Amino acid sequence: MALGPIEIVVLGFPGNRFTGDIRPRIVDLVQRDIVTVIDALFITKGEDGAVGYLELEQLVDDPEISALNGLLTSQLDLLTSEDATELAANLQPGSSALALVFEHRWMAPVREAIIESGGVLLADLHVPPEVVESVLAAVE
Amino acid sequence: MPRRMGRPGLVGTMARTAVISGTATAASGSVARRQHAKAQATAQQPAPSSGPPMEPTASVPTPPQPAAPPAPDTMLAELERLVEMKQQGLLTDDEFTALKARLIEG
């Protein structure tokens, strides 16, 4: 299975409620085939620092999250319990976060064009925001 | 929830392959850095880049050898295949690591 570039984002929210415009914005991107959500996990950290996780389908009492579950195009379970612990590194005790695994669909036509023209993709790097900030700071 | 246990995940695999593929910056957090250091320590042992090719045992299917350094998406597919084979118990940890290193080095 050929996938586009994959990106993991972990979102934390005050009061642990996933609200606001986020879901409609993601739905919009999915409908326009710009991204697909290929995995998602709700990660929790207890007051004692213990990390746990829930599948979106288990979060029936949060309609926003349940609705996101409908967007999942596959059940690949790419994130593991080990990953949940890793992703929870910056999570405050007693709070939770939503981890989403996006596939960047918009890249597919570009990639096809590269292959058809006989080109080679020599590098495809994700630049962490901290790096962007420090480089920009040096430019100023 | 056994479906997310006992196999490599995206983040863990990224941290473990960081030393070879140069994606170290993509993995964040102190744990990633620790895993990175660990990966570095283990990745130094099997270095099949030069010398005789590794002898596959009878039960181990050899992945197709790319003629040229594989394009990133071909490599990803190959990596996924290796992961799959390891999950199915067709490859030992050492074999997996060696084949992965060879794949990434092209």
# chains A, B, ... in the order shown; residues from 1 in each chain; ligands from 1
>>> residues_around(residues="range 61-67 of chain A", least_positions_apart="5", cutoff="9 Å", atoms="only C-alpha atoms", output="PyMOL selection string")
chain A and resi 17-19+23+56+98
>>> write_last_selection(atoms="all heavy atoms", output="PDB file, in the first residue's frame")
ATOM      1  N   ARG A  17     -11.480  18.877  26.885  1.00  0.00           N
ATOM      2  CA  ARG A  17     -12.618  18.800  25.964  1.00  0.00           C
ATOM      3  C   ARG A  17     -12.153  19.236  24.586  1.00  0.00           C
ATOM      4  O   ARG A  17     -11.542  20.287  24.423  1.00  0.00           O
ATOM      5  CB  ARG A  17     -13.783  19.692  26.436  1.00  0.00           C
ATOM      6  CG  ARG A  17     -14.393  19.244  27.754  1.00  0.00           C
ATOM      7  CD  ARG A  17     -14.903  17.827  27.731  1.00  0.00           C
ATOM      8  NE  ARG A  17     -16.109  17.673  26.926  1.00  0.00           N
ATOM      9  CZ  ARG A  17     -16.789  16.554  26.850  1.00  0.00           C
ATOM     10  NH1 ARG A  17     -16.386  15.485  27.509  1.00  0.00           N
ATOM     11  NH2 ARG A  17     -17.866  16.485  26.101  1.00  0.00           N
ATOM     12  N   PHE A  18     -12.485  18.411  23.637  1.00  0.00           N
ATOM     13  CA  PHE A  18     -12.074  18.636  22.266  1.00  0.00           C
ATOM     14  C   PHE A  18     -13.168  19.451  21.575  1.00  0.00           C
ATOM     15  O   PHE A  18     -14.152  18.914  21.096  1.00  0.00           O
ATOM     16  CB  PHE A  18     -11.900  17.261  21.617  1.00  0.00           C
ATOM     17  CG  PHE A  18     -11.397  17.301  20.211  1.00  0.00           C
ATOM     18  CD1 PHE A  18     -10.093  17.642  19.938  1.00  0.00           C
ATOM     19  CD2 PHE A  18     -12.226  16.962  19.164  1.00  0.00           C
ATOM     20  CE1 PHE A  18      -9.621  17.654  18.640  1.00  0.00           C
ATOM     21  CE2 PHE A  18     -11.768  16.966  17.869  1.00  0.00           C
ATOM     22  CZ  PHE A  18     -10.457  17.323  17.607  1.00  0.00           C
ATOM     23  N   THR A  19     -13.005  20.758  21.579  1.00  0.00           N
ATOM     24  CA  THR A  19     -14.109  21.593  21.103  1.00  0.00           C
ATOM     25  C   THR A  19     -13.629  22.564  20.036  1.00  0.00           C
ATOM     26  O   THR A  19     -12.498  22.512  19.583  1.00  0.00           O
ATOM     27  CB  THR A  19     -14.726  22.392  22.271  1.00  0.00           C
ATOM     28  OG1 THR A  19     -13.665  23.064  22.939  1.00  0.00           O
ATOM     29  CG2 THR A  19     -15.454  21.495  23.228  1.00  0.00           C
ATOM     30  N   ARG A  23     -12.682  20.004  14.587  1.00  0.00           N
ATOM     31  CA  ARG A  23     -13.257  18.883  13.839  1.00  0.00           C
ATOM     32  C   ARG A  23     -13.751  19.299  12.449  1.00  0.00           C
ATOM     33  O   ARG A  23     -13.385  18.656  11.454  1.00  0.00           O
ATOM     34  CB  ARG A  23     -14.371  18.202  14.634  1.00  0.00           C
ATOM     35  CG  ARG A  23     -14.896  16.962  13.937  1.00  0.00           C
ATOM     36  CD  ARG A  23     -16.056  16.332  14.664  1.00  0.00           C
ATOM     37  NE  ARG A  23     -17.156  17.244  14.906  1.00  0.00           N
ATOM     38  CZ  ARG A  23     -18.053  17.555  13.974  1.00  0.00           C
ATOM     39  NH1 ARG A  23     -18.001  17.030  12.781  1.00  0.00           N
ATOM     40  NH2 ARG A  23     -19.014  18.397  14.258  1.00  0.00           N
ATOM     41  N   LEU A  56     -10.946   5.886  19.809  1.00  0.00           N
ATOM     42  CA  LEU A  56     -11.976   6.918  19.664  1.00  0.00           C
ATOM     43  C   LEU A  56     -13.377   6.332  19.815  1.00  0.00           C
ATOM     44  O   LEU A  56     -14.272   6.973  20.340  1.00  0.00           O
ATOM     45  CB  LEU A  56     -11.852   7.611  18.298  1.00  0.00           C
ATOM     46  CG  LEU A  56     -10.571   8.400  18.038  1.00  0.00           C
ATOM     47  CD1 LEU A  56     -10.769   9.363  16.889  1.00  0.00           C
ATOM     48  CD2 LEU A  56     -10.101   9.141  19.277  1.00  0.00           C
ATOM     49  N   LEU A  98      -5.263  14.221  22.156  1.00  0.00           N
ATOM     50  CA  LEU A  98      -5.713  13.456  21.000  1.00  0.00           C
ATOM     51  C   LEU A  98      -4.556  13.351  20.013  1.00  0.00           C
ATOM     52  O   LEU A  98      -4.025  14.355  19.563  1.00  0.00           O
ATOM     53  CB  LEU A  98      -6.902  14.171  20.348  1.00  0.00           C
ATOM     54  CG  LEU A  98      -7.493  13.512  19.110  1.00  0.00           C
ATOM     55  CD1 LEU A  98      -8.144  12.182  19.459  1.00  0.00           C
ATOM     56  CD2 LEU A  98      -8.506  14.429  18.465  1.00  0.00           C
TER      57      LEU A  98
END
>>> interface_residues(of="chain A", to="chain B", cutoff="8 Å", atoms="only C-alpha atoms", output="PDB file with all heavy atoms, in the first residue's frame")
ATOM      1  N   MET A   1       0.849  -1.192   0.000  1.00  0.00           N
ATOM      2  CA  MET A   1       0.000   0.000   0.000  1.00  0.00           C
ATOM      3  C   MET A   1       0.885   1.244   0.000  1.00  0.00           C
ATOM      4  O   MET A   1       1.723   1.425   0.879  1.00  0.00           O
ATOM      5  CB  MET A   1      -0.877  -0.022   1.255  1.00  0.00           C
ATOM      6  CG  MET A   1      -1.729   1.215   1.390  1.00  0.00           C
ATOM      7  SD  MET A   1      -2.854   1.092   2.790  1.00  0.00           S
ATOM      8  CE  MET A   1      -1.802   0.441   4.067  1.00  0.00           C
ATOM      9  N   ALA A   2       0.712   2.068  -0.985  1.00  0.00           N
ATOM     10  CA  ALA A   2       1.502   3.299  -1.060  1.00  0.00           C
ATOM     11  C   ALA A   2       0.764   4.422  -0.346  1.00  0.00           C
ATOM     12  O   ALA A   2      -0.352   4.780  -0.705  1.00  0.00           O
ATOM     13  CB  ALA A   2       1.741   3.661  -2.513  1.00  0.00           C
ATOM     14  N   LEU A   3       1.400   4.932   0.668  1.00  0.00           N
ATOM     15  CA  LEU A   3       0.804   6.038   1.418  1.00  0.00           C
ATOM     16  C   LEU A   3       1.532   7.327   1.087  1.00  0.00           C
ATOM     17  O   LEU A   3       2.697   7.314   0.698  1.00  0.00           O
ATOM     18  CB  LEU A   3       0.923   5.774   2.924  1.00  0.00           C
ATOM     19  CG  LEU A   3       0.117   4.624   3.515  1.00  0.00           C
ATOM     20  CD1 LEU A   3       0.477   4.429   4.976  1.00  0.00           C
ATOM     21  CD2 LEU A   3      -1.377   4.882   3.391  1.00  0.00           C
ATOM     22  N   ASP A  77      -4.032   0.836  13.082  1.00  0.00           N
ATOM     23  CA  ASP A  77      -3.441   0.844  14.425  1.00  0.00           C
ATOM     24  C   ASP A  77      -1.930   1.053  14.367  1.00  0.00           C
ATOM     25  O   ASP A  77      -1.147   0.249  14.874  1.00  0.00           O
ATOM     26  CB  ASP A  77      -3.762  -0.449  15.175  1.00  0.00           C
ATOM     27  CG  ASP A  77      -5.258  -0.599  15.396  1.00  0.00           C
ATOM     28  OD1 ASP A  77      -5.970   0.414  15.296  1.00  0.00           O
ATOM     29  OD2 ASP A  77      -5.692  -1.720  15.673  1.00  0.00           O
ATOM     30  N   LEU A  78      -1.545   2.126  13.720  1.00  0.00           N
ATOM     31  CA  LEU A  78      -0.114   2.385  13.536  1.00  0.00           C
ATOM     32  C   LEU A  78       0.562   2.834  14.819  1.00  0.00           C
ATOM     33  O   LEU A  78       1.768   2.693  14.966  1.00  0.00           O
ATOM     34  CB  LEU A  78       0.089   3.446  12.448  1.00  0.00           C
ATOM     35  CG  LEU A  78      -0.401   3.044  11.063  1.00  0.00           C
ATOM     36  CD1 LEU A  78      -0.265   4.217  10.106  1.00  0.00           C
ATOM     37  CD2 LEU A  78       0.364   1.849  10.545  1.00  0.00           C
ATOM     38  N   LEU A  79      -0.209   3.411  15.725  1.00  0.00           N
ATOM     39  CA  LEU A  79       0.351   3.820  17.008  1.00  0.00           C
ATOM     40  C   LEU A  79       0.190   2.671  17.990  1.00  0.00           C
ATOM     41  O   LEU A  79      -0.844   2.018  18.026  1.00  0.00           O
ATOM     42  CB  LEU A  79      -0.383   5.063  17.538  1.00  0.00           C
ATOM     43  CG  LEU A  79      -0.282   6.334  16.692  1.00  0.00           C
ATOM     44  CD1 LEU A  79      -1.159   7.431  17.276  1.00  0.00           C
ATOM     45  CD2 LEU A  79       1.157   6.793  16.592  1.00  0.00           C
ATOM     46  N   THR A  80       1.226   2.441  18.782  1.00  0.00           N
ATOM     47  CA  THR A  80       1.169   1.371  19.761  1.00  0.00           C
ATOM     48  C   THR A  80       1.118   1.955  21.167  1.00  0.00           C
ATOM     49  O   THR A  80       1.244   3.170  21.342  1.00  0.00           O
ATOM     50  CB  THR A  80       2.413   0.469  19.649  1.00  0.00           C
ATOM     51  OG1 THR A  80       3.568   1.279  19.855  1.00  0.00           O
ATOM     52  CG2 THR A  80       2.498  -0.184  18.286  1.00  0.00           C
ATOM     53  N   SER A  81       0.971   1.102  22.153  1.00  0.00           N
ATOM     54  CA  SER A  81       0.946   1.572  23.538  1.00  0.00           C
ATOM     55  C   SER A  81       2.280   2.234  23.887  1.00  0.00           C
ATOM     56  O   SER A  81       2.327   3.221  24.623  1.00  0.00           O
ATOM     57  CB  SER A  81       0.657   0.403  24.477  1.00  0.00           C
ATOM     58  OG  SER A  81       1.615  -0.616  24.302  1.00  0.00           O
ATOM     59  N   GLU A  82       3.349   1.695  23.322  1.00  0.00           N
ATOM     60  CA  GLU A  82       4.680   2.278  23.522  1.00  0.00           C
ATOM     61  C   GLU A  82       4.708   3.710  22.964  1.00  0.00           C
ATOM     62  O   GLU A  82       5.237   4.632  23.591  1.00  0.00           O
ATOM     63  CB  GLU A  82       5.706   1.404  22.794  1.00  0.00           C
ATOM     64  CG  GLU A  82       7.138   1.831  22.944  1.00  0.00           C
ATOM     65  CD  GLU A  82       8.058   1.145  21.920  1.00  0.00           C
ATOM     66  OE1 GLU A  82       7.637   0.917  20.776  1.00  0.00           O
ATOM     67  OE2 GLU A  82       9.189   0.859  22.297  1.00  0.00           O
ATOM     68  N   ASP A  83       4.109   3.880  21.790  1.00  0.00           N
ATOM     69  CA  ASP A  83       4.037   5.204  21.169  1.00  0.00           C
ATOM     70  C   ASP A  83       3.234   6.163  22.038  1.00  0.00           C
ATOM     71  O   ASP A  83       3.579   7.339  22.167  1.00  0.00           O
ATOM     72  CB  ASP A  83       3.371   5.108  19.791  1.00  0.00           C
ATOM     73  CG  ASP A  83       4.246   4.386  18.776  1.00  0.00           C
ATOM     74  OD1 ASP A  83       5.416   4.141  19.098  1.00  0.00           O
ATOM     75  OD2 ASP A  83       3.732   4.081  17.692  1.00  0.00           O
ATOM     76  N   GLU A  86       5.332   7.540  24.662  1.00  0.00           N
ATOM     77  CA  GLU A  86       6.265   8.503  24.075  1.00  0.00           C
ATOM     78  C   GLU A  86       5.581   9.834  23.763  1.00  0.00           C
ATOM     79  O   GLU A  86       6.094  10.907  24.087  1.00  0.00           O
ATOM     80  CB  GLU A  86       6.840   7.879  22.803  1.00  0.00           C
ATOM     81  CG  GLU A  86       7.682   8.798  21.968  1.00  0.00           C
ATOM     82  CD  GLU A  86       9.037   9.045  22.588  1.00  0.00           C
ATOM     83  OE1 GLU A  86       9.465   8.235  23.430  1.00  0.00           O
ATOM     84  OE2 GLU A  86       9.646  10.054  22.244  1.00  0.00           O
ATOM     85  N   LEU A  87       4.396   9.749  23.158  1.00  0.00           N
ATOM     86  CA  LEU A  87       3.684  10.963  22.759  1.00  0.00           C
ATOM     87  C   LEU A  87       3.167  11.734  23.964  1.00  0.00           C
ATOM     88  O   LEU A  87       2.893  12.927  23.874  1.00  0.00           O
ATOM     89  CB  LEU A  87       2.524  10.603  21.819  1.00  0.00           C
ATOM     90  CG  LEU A  87       2.929  10.027  20.464  1.00  0.00           C
ATOM     91  CD1 LEU A  87       1.706   9.559  19.686  1.00  0.00           C
ATOM     92  CD2 LEU A  87       3.699  11.054  19.641  1.00  0.00           C
ATOM     93  N   ALA A  89       4.813  12.448  26.523  1.00  0.00           N
ATOM     94  CA  ALA A  89       5.953  13.005  27.265  1.00  0.00           C
ATOM     95  C   ALA A  89       5.688  14.426  27.754  1.00  0.00           C
ATOM     96  O   ALA A  89       6.052  14.782  28.871  1.00  0.00           O
ATOM     97  CB  ALA A  89       7.206  12.967  26.388  1.00  0.00           C
ATOM     98  N   ASN A  90       5.030  15.227  26.928  1.00  0.00           N
ATOM     99  CA  ASN A  90       4.810  16.624  27.304  1.00  0.00           C
ATOM    100  C   ASN A  90       3.426  16.867  27.895  1.00  0.00           C
ATOM    101  O   ASN A  90       3.006  18.011  28.041  1.00  0.00           O
ATOM    102  CB  ASN A  90       4.999  17.525  26.077  1.00  0.00           C
ATOM    103  CG  ASN A  90       6.424  17.469  25.559  1.00  0.00           C
ATOM    104  OD1 ASN A  90       7.362  17.306  26.338  1.00  0.00           O
ATOM    105  ND2 ASN A  90       6.577  17.556  24.252  1.00  0.00           N
ATOM    106  N   VAL A 120      13.554  12.126  -9.421  1.00  0.00           N
ATOM    107  CA  VAL A 120      13.786  11.377  -8.189  1.00  0.00           C
ATOM    108  C   VAL A 120      13.577  12.309  -7.001  1.00  0.00           C
ATOM    109  O   VAL A 120      14.077  13.437  -7.010  1.00  0.00           O
ATOM    110  CB  VAL A 120      15.224  10.815  -8.148  1.00  0.00           C
ATOM    111  CG1 VAL A 120      15.448  10.030  -6.856  1.00  0.00           C
ATOM    112  CG2 VAL A 120      15.489   9.936  -9.353  1.00  0.00           C
ATOM    113  N   LEU A 121      12.835  11.838  -6.037  1.00  0.00           N
ATOM    114  CA  LEU A 121      12.663  12.629  -4.819  1.00  0.00           C
ATOM    115  C   LEU A 121      13.914  12.435  -3.960  1.00  0.00           C
ATOM    116  O   LEU A 121      14.136  11.371  -3.410  1.00  0.00           O
ATOM    117  CB  LEU A 121      11.414  12.164  -4.075  1.00  0.00           C
ATOM    118  CG  LEU A 121      11.008  12.963  -2.843  1.00  0.00           C
ATOM    119  CD1 LEU A 121      10.712  14.414  -3.203  1.00  0.00           C
ATOM    120  CD2 LEU A 121       9.801  12.324  -2.182  1.00  0.00           C
ATOM    121  N   LEU A 122      14.732  13.451  -3.867  1.00  0.00           N
ATOM    122  CA  LEU A 122      16.022  13.308  -3.191  1.00  0.00           C
ATOM    123  C   LEU A 122      15.925  13.555  -1.698  1.00  0.00           C
ATOM    124  O   LEU A 122      16.732  13.049  -0.923  1.00  0.00           O
ATOM    125  CB  LEU A 122      17.043  14.261  -3.804  1.00  0.00           C
ATOM    126  CG  LEU A 122      17.456  13.915  -5.239  1.00  0.00           C
ATOM    127  CD1 LEU A 122      18.343  14.993  -5.803  1.00  0.00           C
ATOM    128  CD2 LEU A 122      18.157  12.562  -5.286  1.00  0.00           C
ATOM    129  N   LEU A 125      11.846  16.299   4.002  1.00  0.00           N
ATOM    130  CA  LEU A 125      12.104  16.460   5.432  1.00  0.00           C
ATOM    131  C   LEU A 125      11.000  17.238   6.109  1.00  0.00           C
ATOM    132  O   LEU A 125      10.477  18.204   5.562  1.00  0.00           O
ATOM    133  CB  LEU A 125      13.430  17.208   5.647  1.00  0.00           C
ATOM    134  CG  LEU A 125      14.665  16.645   4.943  1.00  0.00           C
ATOM    135  CD1 LEU A 125      15.847  17.574   5.156  1.00  0.00           C
ATOM    136  CD2 LEU A 125      14.975  15.263   5.479  1.00  0.00           C
ATOM    137  N   HIS A 126      10.694  16.822   7.299  1.00  0.00           N
ATOM    138  CA  HIS A 126       9.783  17.595   8.133  1.00  0.00           C
ATOM    139  C   HIS A 126      10.632  18.447   9.075  1.00  0.00           C
ATOM    140  O   HIS A 126      11.472  17.918   9.791  1.00  0.00           O
ATOM    141  CB  HIS A 126       8.887  16.660   8.932  1.00  0.00           C
ATOM    142  CG  HIS A 126       7.918  17.400   9.804  1.00  0.00           C
ATOM    143  ND1 HIS A 126       6.755  17.945   9.307  1.00  0.00           N
ATOM    144  CD2 HIS A 126       7.960  17.721  11.102  1.00  0.00           C
ATOM    145  CE1 HIS A 126       6.122  18.551  10.287  1.00  0.00           C
ATOM    146  NE2 HIS A 126       6.837  18.433  11.393  1.00  0.00           N
ATOM    147  N   VAL A 127      10.412  19.746   9.029  1.00  0.00           N
ATOM    148  CA  VAL A 127      11.213  20.637   9.867  1.00  0.00           C
ATOM    149  C   VAL A 127      10.422  20.981  11.124  1.00  0.00           C
ATOM    150  O   VAL A 127       9.351  21.573  11.048  1.00  0.00           O
ATOM    151  CB  VAL A 127      11.578  21.930   9.102  1.00  0.00           C
ATOM    152  CG1 VAL A 127      12.478  22.813   9.949  1.00  0.00           C
ATOM    153  CG2 VAL A 127      12.243  21.596   7.788  1.00  0.00           C
ATOM    154  N   PRO A 128      10.942  20.613  12.298  1.00  0.00           N
ATOM    155  CA  PRO A 128      10.221  20.911  13.537  1.00  0.00           C
ATOM    156  C   PRO A 128      10.127  22.418  13.748  1.00  0.00           C
ATOM    157  O   PRO A 128      11.051  23.153  13.372  1.00  0.00           O
ATOM    158  CB  PRO A 128      11.096  20.281  14.629  1.00  0.00           C
ATOM    159  CG  PRO A 128      12.038  19.382  13.923  1.00  0.00           C
ATOM    160  CD  PRO A 128      12.195  19.912  12.530  1.00  0.00           C
TER     161      PRO A 128
END
>>> atom_distance(atom1="CA of Ala108 in chain A", atom2="CA of Gly4 in chain A")
5.9 Å
>>> residues_around(residues="Gly46 in chain A", least_positions_apart="4", cutoff="6 Å", atoms="only C-alpha atoms", output="list in words")
Ala50, Pro93 and Gly94 of chain A
>>> select_by_dssp(residues="range 48-115 of chain A", states="alpha helix (DSSP H)", output="list in words")
Pro63, Glu64, Ile65, Ser66, Ala67, Leu68, Asn69, Ser81, Glu82, Asp83, Ala84, Thr85, Glu86, Leu87, Met107, Ala108, Pro109, Val110, Arg111, Glu112, Ala113, Ile114 and Ile115 of chain A
>>> select_by_dssp(residues="chain A", states="strand (DSSP E)", output="mmCIF file with N, CA and C atoms, in the first residue's frame")
data_model
loop_
_atom_site.group_PDB
_atom_site.id
_atom_site.type_symbol
_atom_site.label_atom_id
_atom_site.label_comp_id
_atom_site.auth_asym_id
_atom_site.auth_seq_id
_atom_site.Cartn_x
_atom_site.Cartn_y
_atom_site.Cartn_z
ATOM 1 N N ILE A 6 3.377 10.879 6.047
ATOM 2 C CA ILE A 6 2.595 10.695 7.271
ATOM 3 C C ILE A 6 3.054 11.699 8.322
ATOM 4 N N GLU A 7 2.103 12.269 9.011
ATOM 5 C CA GLU A 7 2.427 13.207 10.075
ATOM 6 C C GLU A 7 1.573 12.882 11.296
ATOM 7 N N ILE A 8 2.220 12.923 12.461
ATOM 8 C CA ILE A 8 1.492 12.684 13.705
ATOM 9 C C ILE A 8 1.365 14.014 14.429
ATOM 10 N N VAL A 9 0.163 14.381 14.810
ATOM 11 C CA VAL A 9 -0.004 15.557 15.653
ATOM 12 C C VAL A 9 -0.681 15.135 16.944
ATOM 13 N N VAL A 10 -0.270 15.744 18.033
ATOM 14 C CA VAL A 10 -0.857 15.449 19.345
ATOM 15 C C VAL A 10 -1.422 16.752 19.887
ATOM 16 N N LEU A 11 -2.733 16.747 20.128
ATOM 17 C CA LEU A 11 -3.418 17.967 20.542
ATOM 18 C C LEU A 11 -3.878 17.854 21.985
ATOM 19 N N GLY A 12 -3.503 18.840 22.778
ATOM 20 C CA GLY A 12 -4.006 18.908 24.145
ATOM 21 C C GLY A 12 -5.008 20.040 24.254
ATOM 22 N N VAL A 35 -6.014 15.576 3.160
ATOM 23 C CA VAL A 35 -5.445 14.624 4.119
ATOM 24 C C VAL A 35 -6.445 13.493 4.344
ATOM 25 N N THR A 36 -5.945 12.381 4.844
ATOM 26 C CA THR A 36 -6.823 11.373 5.431
ATOM 27 C C THR A 36 -6.306 11.112 6.836
ATOM 28 N N VAL A 37 -7.218 10.721 7.703
ATOM 29 C CA VAL A 37 -6.829 10.368 9.065
ATOM 30 C C VAL A 37 -6.700 8.849 9.085
ATOM 31 N N ILE A 38 -5.478 8.347 9.231
ATOM 32 C CA ILE A 38 -5.302 6.900 9.124
ATOM 33 C C ILE A 38 -5.201 6.214 10.477
ATOM 34 N N ASP A 39 -5.024 6.997 11.535
ATOM 35 C CA ASP A 39 -5.083 6.399 12.876
ATOM 36 C C ASP A 39 -5.308 7.518 13.883
ATOM 37 N N ALA A 40 -5.883 7.183 14.998
ATOM 38 C CA ALA A 40 -6.113 8.172 16.044
ATOM 39 C C ALA A 40 -6.175 7.456 17.377
ATOM 40 N N LEU A 41 -5.754 8.159 18.405
ATOM 41 C CA LEU A 41 -5.711 7.559 19.736
ATOM 42 C C LEU A 41 -5.909 8.663 20.759
ATOM 43 N N PHE A 42 -6.717 8.402 21.752
ATOM 44 C CA PHE A 42 -6.926 9.360 22.819
ATOM 45 C C PHE A 42 -6.028 8.941 23.980
ATOM 46 N N ILE A 43 -5.070 9.814 24.304
ATOM 47 C CA ILE A 43 -4.049 9.464 25.294
ATOM 48 C C ILE A 43 -4.332 10.190 26.597
ATOM 49 N N THR A 44 -4.273 9.468 27.690
ATOM 50 C CA THR A 44 -4.549 10.065 29.002
ATOM 51 C C THR A 44 -3.333 9.911 29.909
ATOM 52 N N LYS A 45 -3.173 10.885 30.796
ATOM 53 C CA LYS A 45 -2.120 10.760 31.806
ATOM 54 C C LYS A 45 -2.752 11.011 33.165
ATOM 55 N N VAL A 51 0.377 6.553 31.985
ATOM 56 C CA VAL A 51 -0.183 6.849 30.669
ATOM 57 C C VAL A 51 -1.112 5.722 30.235
ATOM 58 N N GLY A 52 -2.289 6.105 29.771
ATOM 59 C CA GLY A 52 -3.232 5.138 29.231
ATOM 60 C C GLY A 52 -3.750 5.645 27.897
ATOM 61 N N TYR A 53 -4.520 4.830 27.227
ATOM 62 C CA TYR A 53 -5.084 5.300 25.963
ATOM 63 C C TYR A 53 -6.431 4.650 25.698
ATOM 64 N N LEU A 54 -7.219 5.339 24.906
ATOM 65 C CA LEU A 54 -8.537 4.855 24.533
ATOM 66 C C LEU A 54 -8.703 4.978 23.027
ATOM 67 N N SER A 95 -4.240 15.120 32.639
ATOM 68 C CA SER A 95 -4.846 15.658 31.422
ATOM 69 C C SER A 95 -4.776 14.620 30.300
ATOM 70 N N SER A 96 -5.322 14.980 29.160
ATOM 71 C CA SER A 96 -5.368 14.028 28.053
ATOM 72 C C SER A 96 -5.119 14.745 26.736
ATOM 73 N N ALA A 97 -4.878 13.986 25.718
ATOM 74 C CA ALA A 97 -4.564 14.564 24.410
ATOM 75 C C ALA A 97 -5.063 13.638 23.316
ATOM 76 N N LEU A 98 -5.263 14.221 22.156
ATOM 77 C CA LEU A 98 -5.713 13.456 21.000
ATOM 78 C C LEU A 98 -4.556 13.351 20.013
ATOM 79 N N ALA A 99 -4.158 12.119 19.727
ATOM 80 C CA ALA A 99 -3.101 11.902 18.736
ATOM 81 C C ALA A 99 -3.755 11.525 17.411
ATOM 82 N N LEU A 100 -3.421 12.256 16.370
ATOM 83 C CA LEU A 100 -3.965 11.981 15.041
ATOM 84 C C LEU A 100 -2.827 11.679 14.079
ATOM 85 N N VAL A 101 -3.014 10.637 13.271
ATOM 86 C CA VAL A 101 -2.020 10.313 12.257
ATOM 87 C C VAL A 101 -2.611 10.684 10.902
ATOM 88 N N PHE A 102 -2.024 11.690 10.291
ATOM 89 C CA PHE A 102 -2.500 12.177 9.003
ATOM 90 C C PHE A 102 -1.655 11.611 7.869
ATOM 91 N N GLU A 103 -2.338 11.290 6.789
ATOM 92 C CA GLU A 103 -1.624 11.024 5.548
ATOM 93 C C GLU A 103 -1.844 12.239 4.647
ATOM 94 N N HIS A 104 -0.767 12.804 4.160
ATOM 95 C CA HIS A 104 -0.881 13.974 3.286
ATOM 96 C C HIS A 104 -1.189 13.531 1.865
#
>>> atom_distance(atom1="CA of Ala84 in chain A", atom2="CA of Arg32 in chain A")
29.0 Å
>>> closest_residue(among="A:Leu68, A:Trp106, A:Asp48, A:Ser134", to="Ile26 in chain A", atoms="only C-alpha atoms")
A:Leu68
